[in-house]
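Asker: Here you go, this is input-v2.txt (compact mmCIF, C-alpha atoms).
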```txt
# COMPACT_ATOMS: atom_id res chain seq x y z
CA MET R 1 17.65 27.78 -89.83
CA LEU R 2 20.95 25.92 -89.83
CA GLN R 3 23.51 26.58 -87.09
CA MET R 4 26.69 24.65 -87.77
CA ASN R 5 28.94 23.08 -85.15
CA VAL R 6 26.96 23.93 -82.04
CA ALA R 7 29.22 21.19 -80.67
CA PRO R 8 32.04 19.53 -82.64
CA GLY R 9 30.47 17.88 -85.67
CA ILE R 10 26.90 18.51 -84.46
CA HIS R 11 24.67 20.88 -86.42
CA ARG R 12 21.39 22.38 -85.23
CA ILE R 13 18.38 22.97 -87.47
CA GLU R 14 15.38 24.91 -86.16
CA ASP R 15 11.91 24.79 -87.68
CA ALA R 16 8.85 26.29 -85.96
CA HIS R 17 10.81 26.85 -82.72
CA THR R 18 11.73 23.16 -82.70
CA ASN R 19 15.32 21.91 -82.92
CA TRP R 20 16.71 18.76 -84.47
CA TYR R 21 20.31 17.80 -85.13
CA LEU R 22 22.72 16.29 -87.65
CA VAL R 23 25.66 14.44 -86.10
CA GLU R 24 28.68 13.79 -88.34
CA ASP R 25 31.07 10.90 -87.85
CA GLU R 26 33.60 9.77 -90.46
CA GLY R 27 31.47 10.85 -93.39
CA ARG R 28 28.22 9.36 -92.06
CA LEU R 29 25.31 11.13 -90.40
CA THR R 30 22.87 10.47 -87.60
CA VAL R 31 19.71 12.56 -87.53
CA VAL R 32 18.60 13.21 -83.94
CA ASP R 33 14.88 13.95 -83.88
CA THR R 34 13.14 14.95 -87.10
CA GLY R 35 11.38 18.21 -86.35
CA VAL R 36 8.04 19.01 -87.96
CA ARG R 37 6.68 17.72 -91.26
CA THR R 38 8.23 20.52 -93.32
CA SER R 39 11.65 19.79 -91.79
CA TRP R 40 12.13 17.33 -94.67
CA ASP R 41 12.71 20.38 -96.88
CA SER R 42 15.10 21.86 -94.30
CA LEU R 43 17.06 18.59 -94.31
CA HIS R 44 17.66 18.86 -98.05
CA GLU R 45 18.70 22.49 -97.67
CA ALA R 46 21.09 21.72 -94.80
CA LEU R 47 22.88 18.74 -96.32
CA PRO R 48 24.69 20.64 -99.13
CA ALA R 49 25.67 23.34 -96.65
CA ILE R 50 27.62 20.79 -94.61
CA GLY R 51 28.93 18.98 -97.67
CA ARG R 52 26.73 15.89 -97.30
CA THR R 53 24.01 14.10 -99.26
CA PRO R 54 21.00 12.00 -98.24
CA ALA R 55 23.09 8.90 -98.96
CA ASP R 56 25.31 9.82 -95.99
CA ILE R 57 22.44 9.43 -93.51
CA ALA R 58 22.82 6.14 -91.65
CA ALA R 59 20.20 6.41 -88.89
CA VAL R 60 17.52 8.45 -87.19
CA VAL R 61 17.47 8.50 -83.38
CA LEU R 62 14.49 9.94 -81.53
CA THR R 63 14.95 11.35 -78.04
CA HIS R 64 11.19 10.97 -77.70
CA ALA R 65 8.17 10.62 -79.96
CA HIS R 66 6.06 13.74 -79.52
CA PHE R 67 4.51 15.07 -82.72
CA ASP R 68 6.93 17.99 -83.09
CA HIS R 69 9.98 15.72 -83.04
CA LEU R 70 8.62 12.96 -85.25
CA GLY R 71 8.17 15.10 -88.38
CA PHE R 72 9.96 13.27 -91.20
CA ALA R 73 11.01 10.10 -89.37
CA GLU R 74 8.76 7.81 -91.43
CA ARG R 75 9.74 9.51 -94.67
CA ALA R 76 13.44 9.02 -93.88
CA ARG R 77 12.81 5.38 -93.03
CA ALA R 78 10.79 4.71 -96.18
CA GLU R 79 12.69 6.79 -98.74
CA LEU R 80 16.25 6.61 -97.42
CA SER R 81 16.02 3.07 -96.00
CA VAL R 82 17.49 4.10 -92.64
CA PRO R 83 16.51 2.66 -89.25
CA VAL R 84 14.58 4.77 -86.75
CA PHE R 85 15.67 4.19 -83.14
CA VAL R 86 13.38 5.01 -80.21
CA HIS R 87 13.23 4.01 -76.56
CA GLU R 88 11.13 0.99 -75.74
CA ASN R 89 8.60 3.04 -73.72
CA ASP R 90 7.96 5.52 -76.54
CA VAL R 91 7.27 2.99 -79.29
CA PRO R 92 3.46 3.42 -78.94
CA LEU R 93 3.84 7.18 -79.53
CA THR R 94 5.58 6.60 -82.86
CA ARG R 95 2.36 4.97 -84.03
CA HIS R 96 -0.05 7.46 -82.41
CA PRO R 97 1.93 10.73 -82.08
CA LEU R 98 -0.89 12.82 -80.61
CA GLN R 99 -1.96 10.30 -77.99
CA TYR R 100 0.57 11.18 -75.33
CA GLY R 101 0.13 11.77 -71.64
CA HIS R 102 0.10 15.30 -70.24
CA GLU R 103 -0.89 16.68 -66.88
CA ARG R 104 -2.98 19.65 -68.05
CA PRO R 105 -5.00 20.42 -71.21
CA ARG R 106 -2.96 22.06 -73.95
CA SER R 107 -5.85 24.38 -74.79
CA VAL R 108 -5.57 26.01 -71.36
CA TYR R 109 -1.99 27.06 -72.08
CA PHE R 110 -2.58 28.36 -75.57
CA ALA R 111 -5.64 30.30 -74.35
CA THR R 112 -3.94 31.85 -71.31
CA GLN R 113 -0.30 32.20 -72.36
CA PRO R 114 -0.10 34.88 -75.10
CA ARG R 115 3.67 34.46 -75.39
CA ALA R 116 3.03 30.92 -76.63
CA LEU R 117 0.90 31.99 -79.61
CA PRO R 118 3.84 32.35 -82.06
CA ASN R 119 4.82 28.78 -81.23
CA LEU R 120 1.28 27.55 -81.90
CA ALA R 121 1.23 29.48 -85.17
CA GLY R 122 4.52 27.84 -86.16
CA PHE R 123 3.14 24.38 -85.42
CA LEU R 124 0.05 25.09 -87.53
CA ARG R 125 2.02 26.59 -90.41
CA THR R 126 4.35 23.60 -90.64
CA ARG R 127 1.63 20.95 -90.09
CA ALA R 128 3.51 19.83 -87.01
CA PHE R 129 0.44 18.28 -85.39
CA PHE R 130 0.06 15.64 -88.10
CA PRO R 131 3.25 13.62 -88.59
CA PRO R 132 2.90 10.23 -90.29
CA PRO R 133 3.17 7.29 -87.89
CA VAL R 134 6.44 5.37 -88.10
CA GLN R 135 5.79 1.94 -89.54
CA ALA R 136 8.87 0.19 -88.14
CA VAL R 137 11.34 1.13 -85.39
CA ARG R 138 14.35 -0.28 -83.59
CA ARG R 139 13.98 -0.23 -79.82
CA TYR R 140 16.76 0.91 -77.51
CA ASP R 141 17.14 1.14 -73.76
CA ASN R 142 20.68 1.89 -72.54
CA GLY R 143 24.34 1.70 -73.49
CA ARG R 144 25.86 3.26 -76.60
CA LEU R 145 23.87 3.28 -79.80
CA PRO R 146 25.34 1.68 -82.96
CA VAL R 147 24.94 4.82 -85.07
CA PRO R 148 27.39 7.50 -86.25
CA GLY R 149 28.62 9.38 -83.19
CA THR R 150 27.88 6.37 -80.92
CA PRO R 151 26.03 8.42 -78.27
CA SER R 152 25.42 7.06 -74.79
CA VAL R 153 21.77 6.79 -73.86
CA VAL R 154 20.80 8.82 -70.76
CA PHE R 155 17.35 7.80 -69.55
CA THR R 156 15.41 10.98 -68.69
CA PRO R 157 11.73 10.04 -68.30
CA GLY R 158 9.08 12.56 -67.38
CA HIS R 159 8.34 14.59 -70.49
CA THR R 160 7.43 11.20 -71.97
CA LEU R 161 7.80 7.85 -70.25
CA GLY R 162 10.57 6.83 -72.63
CA HIS R 163 12.38 10.13 -73.01
CA CYS R 164 16.17 9.84 -73.36
CA ALA R 165 19.01 12.28 -73.82
CA LEU R 166 22.05 11.40 -75.93
CA HIS R 167 25.50 12.03 -74.49
CA PHE R 168 28.52 12.52 -76.74
CA PRO R 169 31.35 12.45 -74.20
CA GLU R 170 34.11 12.85 -76.78
CA ARG R 171 32.43 16.09 -77.90
CA ASP R 172 31.60 17.29 -74.36
CA ALA R 173 27.97 17.66 -75.39
CA VAL R 174 24.57 16.18 -74.66
CA ILE R 175 21.47 16.38 -76.83
CA ALA R 176 18.79 16.73 -74.18
CA GLY R 177 15.68 16.66 -76.35
CA ASP R 178 12.86 18.02 -74.21
CA ALA R 179 14.22 16.79 -70.87
CA VAL R 180 15.20 20.43 -70.41
CA VAL R 181 14.62 23.39 -72.73
CA THR R 182 15.56 27.05 -73.01
CA LEU R 183 12.19 27.90 -74.58
CA ASP R 184 8.94 26.37 -73.40
CA PRO R 185 6.62 26.25 -76.44
CA TYR R 186 3.55 26.11 -74.22
CA THR R 187 4.24 29.22 -72.15
CA GLY R 188 6.77 31.17 -74.20
CA ARG R 189 9.04 31.40 -71.17
CA THR R 190 12.78 31.28 -71.78
CA GLY R 191 15.73 30.06 -69.76
CA PRO R 192 16.44 26.54 -68.47
CA ARG R 193 13.27 24.72 -67.44
CA ILE R 194 11.28 21.57 -67.97
CA VAL R 195 8.37 21.71 -70.41
CA ALA R 196 5.00 22.79 -69.00
CA ARG R 197 2.43 20.30 -67.79
CA ALA R 198 0.53 20.71 -71.08
CA ALA R 199 3.09 18.42 -72.72
CA THR R 200 4.66 16.54 -69.83
CA ALA R 201 3.46 13.15 -68.65
CA ASP R 202 5.03 13.32 -65.17
CA SER R 203 6.57 16.63 -64.12
CA GLU R 204 7.87 15.29 -60.80
CA ARG R 205 9.78 12.60 -62.65
CA ALA R 206 10.99 15.14 -65.22
CA LEU R 207 12.52 17.19 -62.41
CA ARG R 208 14.26 14.10 -61.02
CA SER R 209 15.65 13.31 -64.48
CA LEU R 210 17.61 16.56 -64.37
CA ASP R 211 20.02 14.69 -62.09
CA ALA R 212 20.88 12.32 -64.94
CA LEU R 213 21.59 15.23 -67.26
CA ALA R 214 23.76 16.93 -64.67
CA ALA R 215 25.69 13.69 -64.17
CA THR R 216 26.92 13.83 -67.77
CA GLY R 217 29.00 16.89 -66.85
CA ALA R 218 28.67 18.06 -70.46
CA SER R 219 29.68 21.64 -71.16
CA THR R 220 27.16 22.04 -74.00
CA VAL R 221 23.50 21.07 -73.69
CA LEU R 222 21.52 20.99 -76.94
CA VAL R 223 17.80 21.26 -76.38
CA GLY R 224 14.62 20.48 -78.28
CA HIS R 225 13.34 24.05 -78.05
CA GLY R 226 15.41 27.20 -77.67
CA ALA R 227 19.04 28.19 -77.96
CA PRO R 228 21.93 25.88 -77.06
CA TRP R 229 23.20 26.12 -73.50
CA THR R 230 26.95 26.43 -73.01
CA GLY R 231 27.03 26.99 -69.25
CA GLY R 232 27.28 23.29 -68.42
CA ALA R 233 24.75 20.59 -67.62
CA VAL R 234 25.17 20.98 -63.84
CA GLU R 235 24.25 24.65 -63.82
CA MET R 236 21.45 24.13 -66.32
CA ALA R 237 19.86 21.43 -64.20
CA ALA R 238 20.06 23.64 -61.12
CA LEU R 239 18.39 26.55 -62.90
CA ALA R 240 15.68 24.30 -64.33
CA ARG R 241 14.90 22.97 -60.86
CA ALA R 242 14.68 26.52 -59.54
CA ALA R 243 12.27 27.48 -62.36
CA GLY R 244 9.89 24.79 -61.15
CA VAL R 245 6.83 23.53 -63.01
CA GLN R 246 4.35 25.61 -64.99
```
Can you present the structure in this file as structure tokens?

Answerer:
Amino acid sequence: MLQMNVAPGIHRIEDAHTNWYLVEDEGRLTVVDTGVRTSWDSLHEALPAIGRTPADIAAVVLTHAHFDHLGFAERARAELSVPVFVHENDVPLTRHPLQYGHERPRSVYFATQPRALPNLAGFLRTRAFFPPPVQAVRRYDNGRLPVPGTPSVVFTPGHTLGHCALHFPERDAVIAGDAVVTLDPYTGRTGPRIVARAATADSERALRSLDALAATGASTVLVGHGAPWTGGAVEMAALARAAGVQ
């Protein structure tokens, strides 16, 4: 599903309840996160709809390297010859996408949270659990990235140890990845919250990272799972803190 201009020049694509984004800047594109494996097909459906071609893609930036956000990263790197940027601390995950830290077993959530079953079914249907490892990456840490849109890196560890959000101050928007979501795939709960312990390395740190998101002051927060939030980063962070940890 393509949703155009969720923020100026930023388009949202959703596959299997997982969001990824196309950022336009002077005729070039940055792909932020790469969804699930079948999102490669969604990319080629979305590009004509926004008047672009694969040749316009200049870079892939990963907010983090969990399996459901790594989908076609290696294919884009290999076939489109574009660099894949990821935070220093998440480089190991790009090579071993399923070997990430989490505080509770995922099986517990899928067995006890019936509202999460459609999300699990979506992951299975789209082969989300088996993305190819990325063979080469460019490491980033802070500052503004040299990619179309020149986002500022906002370090938001917790979900993963290298998780980052991407702030686009000129567009009054932040792509939060899974630092905060409006749909938790592991519980099916909606509304601002951090992701459940089944997929979070350090939930206490994830809650603290909400301060960094709030500090952006962005009006629009674009998340890794669920609908965009237009009530502002400050309010979203406050609501996510109040929701606590599942």

Asker: Pick out the closest residue to Leu62 (chain R) from this set: R:Arg139, R:Arg171, R:Arg208, R:His96. Count all atoms listed in the file.

Answerer: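 Smallest separation from Leu62 (chain R) among the options: R:Arg139.
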
Asker: Could you check the closest approach to Leu145 (chain R) for each of R:Thr30, R:Thr18, R:Gln246, R:Thr220 and tell me which residue wins, using all atoms listed in the file?

Answerer: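 Once distances to Leu145 (chain R) are computed over all atoms listed in the file, the minimum belongs to R:Thr30.
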
Asker: CA of Cys164 (chain R) and CA of Leu93 (chain R), how far apart in Å?

Answerer: 14.0 Å

Asker: What does the structure give for the distance between CA of Val137 (chain R) and CA of Thr63 (chain R), in Å to one decimal?

Answerer: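 Between CA of Val137 (chain R) and CA of Thr63 (chain R) the gap works out to 13.1 Å.
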
Asker: Which is closest to Trp20 (chain R) among R:Ser81, R:Ser203, R:Ser39, R:Thr94, if we use all atoms listed in the file?

Answerer: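 The shortest atom-to-atom distance to Trp20 (chain R) comes from R:Ser39.
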
Asker: Can you pull out every residue within 7 Å of Glu74 (chain R), counting only C-alpha atoms, but drop anything in the same chain fewer than 5 positions away, and send it as a list in words?

Answerer: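 My list of contacting residues is Pro132, Pro133, Val134 and Gln135 of chain R.
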
Asker: Identify, on the basis of only C-alpha atoms, every residue whose closest approach to Leu161 (chain R) does not exceed 9 Å; exclude the query and any residue fewer than 5 positions from it along the same chain; express the result as a VMD selection string.

Answerer: chain R and resid 64 89 to 90 101 156 201 to 202

Asker: Between R:Trp40, R:Phe168, R:Tyr140, R:Phe130, which residue has the minimum interatomic distance to Pro54 (chain R), considering all atoms listed in the file?

Answerer: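 Among R:Trp40, R:Phe168, R:Tyr140, R:Phe130, it is R:Trp40 that comes nearest to Pro54 (chain R).
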
Asker: Measuring between all atoms listed in the file, which one of R:Ile57, R:Leu98, R:Leu213, R:Val180 shows the shortest distance to Val84 (chain R)?

Answerer: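 Ranked by minimum distance to Val84 (chain R), first place goes to R:Ile57.
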
Asker: Quick one: pull the distance between CA of Ala78 (chain R) and CA of Pro148 (chain R), Å, one decimal.

Answerer: 19.5 Å
